[in-house]
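Student: What follows is a structure written as structure tokens; I'll ask about it next.
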There are 2 protein chains.
Amino acid sequence: MQFNKVTDGIVQELKAILGEGNVLIEEEKLDMYSRDEVSDKLWEKMPEVVVKPENVEQVSEIVKLANRELLPITPRGGGTGLAAGAVPLSGGLVLSLEKMNKILEVDTENLFMVVEPGVTTGEVQKTAKAQGLLYAGDPCSADSSFIGGNVATNAGGNKAVKYGVTSRHIYGLEVVMPNGDIVTFGGKNVKDVTGYDFVHLMVGSEGTLGVVTKIWLKLMPLPKYVADLLVPFADMQSAIQVVPKIMTAGIIPTCLEFMDSLSIKAAEMYLNKKLPYSDAGAYIICEIDGTSETQVQDDYETIGKVCQDNGALEVFVADNMSTQERIWKSRKCYAEAIRMLSPVYCMEDVVVPVSNIPKALEAIERIAKKYECKIPSCGHAGDGNIHATVLREDRDDHEWHDLKDKVLEELYEEVYQLGGNLSGEHGIGAKRAGAMDKHMTEAQLNVLRSIKKALDPKGIMNPGKVLV
Amino acid sequence: MQFNKVTDGIVQELKAILGEGNVLIEEEKLDMYSRDEVSDKLWEKMPEVVVKPENVEQVSEIVKLANRELLPITPRGGGTGLAAGAVPLSGGLVLSLEKMNKILEVDTENLFMVVEPGVTTGEVQKTAKAQGLLYAGDPCSADSSFIGGNVATNAGGNKAVKYGVTSRHIYGLEVVMPNGDIVTFGGKNVKDVTGYDFVHLMVGSEGTLGVVTKIWLKLMPLPKYVADLLVPFADMQSAIQVVPKIMTAGIIPTCLEFMDSLSIKAAEMYLNKKLPYSDAGAYIICEIDGTSETQVQDDYETIGKVCQDNGALEVFVADNMSTQERIWKSRKCYAEAIRMLSPVYCMEDVVVPVSNIPKALEAIERIAKKYECKIPSCGHAGDGNIHATVLREDRDDHEWHDLKDKVLEELYEEVYQLGGNLSGEHGIGAKRAGAMDKHMTEAQLNVLRSIKKALDPKGIMNPGKVLV
């Protein structure tokens with residue numbers, strides 16, 4: 001796709017729409033919009049201009065202008081993405097939603113929150129909690145990621161085992177289509193089959209089909225009782241073998257996470273705090289919640305017993321907030337902690353059927369051994385979603401790119417053999433678009449491409465992402 | 001759209017693909033494929049030919065032939081639809097999935113069932129239960145509806161308050177696209193953001209975007225304890241006022257249903273059995289489930305107290321299977337029972353935000369009074385989903401069509417005023433396609449039409465349904 005360049009005239013037009021202060025062209029101001037959290041120069045690119053609309057009408061005007069002038073638009077949330085989805089690889093406009101950051105309504109009767117896309121996920125969680133309600137989306141980046149970005153990537157997170165990924169909490173969207181039309185689908189109806197499910201086509205489409213400008217989020221009653229289990233095991237394989245056993249014990253845990261020994265060590269270094277049993281080969285972290293204390297207790301005892309019968313070194317129960325927070329900090333700091341081991345890395349996000357996690361982790365170990373590299377892993381065991389991170393350490397550019405290419409090729413191949421797929425929650429972005437192209441059939445790609453072409457015939461919305 | 005007719009040559013070609021026995025052209029055999037459960041001659045039409053493929057390759061061959069010859073295809077499940085979605089209103093082929101009725105796999109490790117579309121929903125439920133698992137989709141028509149039809153309409157049902165509608169249980173689909181391509185999206189990965197969410201675009205698309213030929217259904221642990229409450233109230237308004245109060249009491253009930261007095265009477269007549277408090281103005285039926293007996297007990301006591309504090313005449317607790325079945329029979333027989341009041345009727349399926357159910361029911365009462373007709377109502381109170389059924393009784397054709405048109409126009413208008421929508425679970429089909437066209441904006445319709453056109457450029461898949 002050949003796009004035009006942003007001219008001075010266009011910048012003037014954008015300033016007329018948005019006001020001086022909401023149009024950035026100075027290099028030092030553009031810099032932070034040239035990357036996301038993929039730590040690799042390969043996936044950085046300066047935008048020509050950054051625009052910061054404050055309302056849906058302005059978004060619509062910007063999109064109309066870009067459509068008319070054939071300029072690429074890259075919508076951007078908190079910039080915490082891990083697939084280069086928000087990087088303007090074709091230049092053009094970065095459309096940052098940072099100023100559309102209002103919580104418009106908390107409806108405690110219907111259990112809905114209506115928000116603009118620039119609200120952080122953490123703010124959504126806190127606002128719900130203050131009303132005795134739960135927003136169950138919980139990506140590890142919640143403090144900095146925008147809810148709009150969660151929608152764009154269909155973010156997963158820690159509570160997905162019981163409560164599902166972001167898509168499950170999204171009941172309505174206002175969207176600016178690539179032609180500038182403003183449409184709203186869904187809202188506060190908890191069931192609705194009036195027409196196609198455009199809402200859930202948008203969720204996870206990574207800004208390639210339009211710009212989300214308003215979001216109806218479903219809330220639920222805040223569980224009255226919560227308990228967390230931290231369960232160390234002697235090695236990764238015995239830890240991960242227990243996962244399918246927990247998942248078939250008749251209880252749906254809220255969270256079911258794992259960390260390998262490298263991840264535990266990295267967390268300990270990053271937090272600068274001794275973690276219990278940090279010499280263990282692996283952790284399983286499991287959360288249970290419910291409306292009754294006895295039920296939560298019964299449930300975690302059942303799960304604790306499954307762990308003990310299957311080689312757990314110990315079962316720590318955390319049933320108060322401060323101990324729970326300590327446990328979760330070690331898991332949630334994974335991305336930051338990994339930087340302590342190597343500032344440059346390649347974090348993958350593969351997903352396999354839960355029963356195949358042990359085999360997937362065996363494969364990762366085998367690949368690490370074969371290429372003599374480190375691949376610390378942790379992730380959402382209950383969802384089969386593994387964050388495997390290849391470390392660059394002190395390799396030079398050539399060695400690093402060579403290593404990464406080989407490891408990813410082999411990893412994806414193994415994952416497909418196990419009935420898995422490329423990404424569980426981080427998305428395809430630009431980083432995995434080539435791999436998707438390679439692993440999908442032509443017929444599958446035709447379906448996806450025809451949807452893209454129908455909704456964005458000029459291809460201006462986030463080009464080069466998802467589909468190459 | 002101008003379609004061609006099915007010629008003798010085409011019938012011969014179909015027989016070559018499917019074998020003699022799977023191609024029907026005799027009028028007496030075609031008759032049962034000319035309608036669904038919309039009891040109105042207006043929505044009946046004989047197909048030119050009925051085909052019964054036995055595998056996906058045959059479906060693909062049929063679709064390729066129809067695509068080449070410009071013949072309309074109407075996919076058909078159990079024929080229990082309530083929106084004329086499976087009626088071949090443009091003639092052509094009815095593609096019945098009745099012979100693709102195998103349960104292909106019950107995966108008790110990953111908690112998945114893989115099925116063909118012609119399995120009844122009841123069979124899916126029973127098969128899961130036999131393994132100690134739950135398939136949580138539960139439309140009232142479960143005994144006769146096909147799971148493929150549930151997917152096509154995104155069927156709701158009774159357990160949607162806690163477990164969601166059909167879409168939530170669908171993780172993968174094999175689909176024959178309108179050009180005959182066979183594609184599979186999703187599978188046993190419980191999280192997957194590899195490309196657009198085509199699976200959930202297909203769910204609820206009512207056979208207008210392709211033919212579903214294989215379905216990956218998520219199962220969950222069967223709740224160990226279940227209790228049902230039957231709560232009679234003196235009148236509809238006091239019953240329905242309690243619904244938002246239950247929904248904000250900190251517990252997510254599995255089911256939360258209501259029946260008005262006419263529906264109770266009809267059920268009593270149909271079942272030929274005295275129901276408790278059947279002179280009450282309305283019933284609320286509420287189900288609670290969980291892994292612990294105390295929790296279920298605590299939960300139903302909390303809800304029972306909310307009811308008692310808000311005008312309940314009585315709170316019956318059913319915690320054994322036979323009493324539970326008796327309660328549910330009275331609710332599930334609604335569609336059949338209504339026939340006792342009037343063999344011809346018009347069953348609507350509007351949905352509003354839960355807090356607006358009282359206003360919606362007031363509006364229905366007002367409309368019934370204004371047009372001097374009966375509109376018995378029941379439905380999924382916890383979802384804001386109301387089945388309001390206009391009875392023909394002894395009106396002549398002209399009076400009936402006039403009444404129906406006026407009532408529907410006014411009902412839809414009221415529902416939109418309340419932030420509601422046309423259909424919560426029955427779908428748009430042909431019956432509501434005109435209303436959808438009227439109530440959606442041009443921009444919304446453009447989005448939906450462009451998706452349809454992209455995937456089915458010749459418009460052969462179930463023409464006249466969803467979009468006019």
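Just remember, in the structure tokens the first chain shown is A, the second B, etc., residues are 1-based per chain, and ligands are 1-based in the order shown.
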DSSP says strand (DSSP E) for which residues of segment 266-415 of chain A? Put them as a PyMOL selection string?
Tutor: chain A and resi 282-290+316-318+345-347+350-351+377-380+385-391
Student: Can you pull out every residue within 12 Å of Ser39 of chain A, counting only C-alpha atoms, but drop anything in the same chain fewer than 5 positions away, and send it as a PyMOL selection string?
Tutor: chain A and resi 34+44+80-84+335-336+338-339+342-347+389-392+431
Student: Where in segment 309-451 of chain A does DSSP assign alpha helix (DSSP H), given as number ranges by chain?
Tutor: A: 321-332, 334-341, 357-370, 397-417, 433-439, 442-451
Student: I'd like the contact shell of segment 111-128 of chain A - 6 Å cut-off, only C-alpha atoms, skipping same-chain residues fewer than 3 positions apart - returned as a list in words.
Tutor: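 After dropping sequence-adjacent residues, the list is Leu97, Glu98, Met100, Asn101, Lys102, Ile103, Leu104, Glu105, Val106, Asp107, Thr108, Gln131, Leu133, Leu134, Tyr135, Ala142, Asp143, Ser144, Ser145, Phe146, Ile147, Gly148, Thr213, Lys214, Ile215, Trp216, Leu217, Lys218 and Leu219 of chain A.
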Student: Could you check how far atom CA of Val63 of chain B sits from atom CA of Glu442 of chain A, in Å to one decimal?
Tutor: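 Taking atom CA of Val63 of chain B as the start and atom CA of Glu442 of chain A as the end point, the length is 18.6 Å.
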Student: From the set A:Glu48, A:Glu206, A:Glu20, A:Glu425, which residue has the shortest atom-to-atom contact distance to chain B, counting only C-alpha atoms?
Tutor: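 Counting only C-alpha atoms, the residue closest to chain B is A:Glu425.
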Student: Tell me which protein, DNA and RNA residues are within 12 Å of Arg68 of chain B, counting only C-alpha atoms, leaving out same-chain ones fewer than 2 positions away, and put them as a list in words.
Tutor: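 Close residues of Arg68 of chain B: Phe3, Asn4, Ile10, Glu61, Ile62, Val63, Lys64, Leu65, Ala66, Leu70, Leu71, Pro72, Pro178, Asn179, Gly180, Lys458 and Ile460 of chain B.
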Student: Would you mind listing what lies within 10 Å of segment 403-414 of chain A as a count of residues only, with only C-alpha atoms counted and same-chain residues fewer than 6 positions away left out?
Tutor: 31
Student: Which one of B:Pro232, B:Gly419, B:Gly382, B:Gly427 sits closest to Glu257 of chain B if you count only C-alpha atoms?
Tutor: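 With only C-alpha atoms as the atom set, the closest residue is B:Gly382.
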Student: Mind pulling up the distance from atom CA of Gly290 of chain B to atom CA of Thr248 of chain A?
Tutor: 15.4 Å
Student: What is the distance between atom CA of Met247 of chain B and atom CA of Val165 of chain A, in Å to one decimal?
Tutor: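 Computing it gives 22.3 Å between the two atoms.
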Student: Show me, as a PyMOL selection string, the residues that have an atom within 6 Å of Lys162 of chain A when counting only C-alpha atoms, minus same-chain residues fewer than 2 positions from it.
Tutor: chain A and resi 160+164+252+254
Student: Export, as a short mmCIF file (atom, residue, chain, number, x, y, z; two decimals), in the first residue's frame, the selected residues with N, CA and C atoms.
Tutor:
data_model
loop_
_atom_site.label_atom_id
_atom_site.label_comp_id
_atom_site.auth_asym_id
_atom_site.auth_seq_id
_atom_site.Cartn_x
_atom_site.Cartn_y
_atom_site.Cartn_z
N ALA A 160 -8.63 -14.73 33.80
CA ALA A 160 -9.36 -15.24 32.63
C ALA A 160 -9.85 -16.68 32.80
N GLY A 164 -12.91 -15.16 32.06
CA GLY A 164 -12.75 -14.91 30.63
C GLY A 164 -11.88 -13.71 30.32
N ILE A 252 -13.61 -24.23 39.37
CA ILE A 252 -12.99 -23.30 38.42
C ILE A 252 -12.21 -22.27 39.23
N THR A 254 -10.05 -18.93 39.98
CA THR A 254 -10.08 -17.60 39.37
C THR A 254 -8.83 -17.40 38.53
#
Student: Near Val11 of chain A, within 10 Å and counting only C-alpha atoms, which residues show up once chain neighbours fewer than 6 positions away are dropped, as a list in words?
Tutor: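 Near Val11 of chain A, the qualifying residues are Ile17, Glu20, Val23, Leu24, Ile25, Glu48, Val49, Val50 and Val51 of chain A.
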Student: Which residue gives the smallest distance to chain B among A:Met46, A:Leu271, A:Ala130, A:Leu222, with only C-alpha atoms counted?
Tutor: A:Leu222
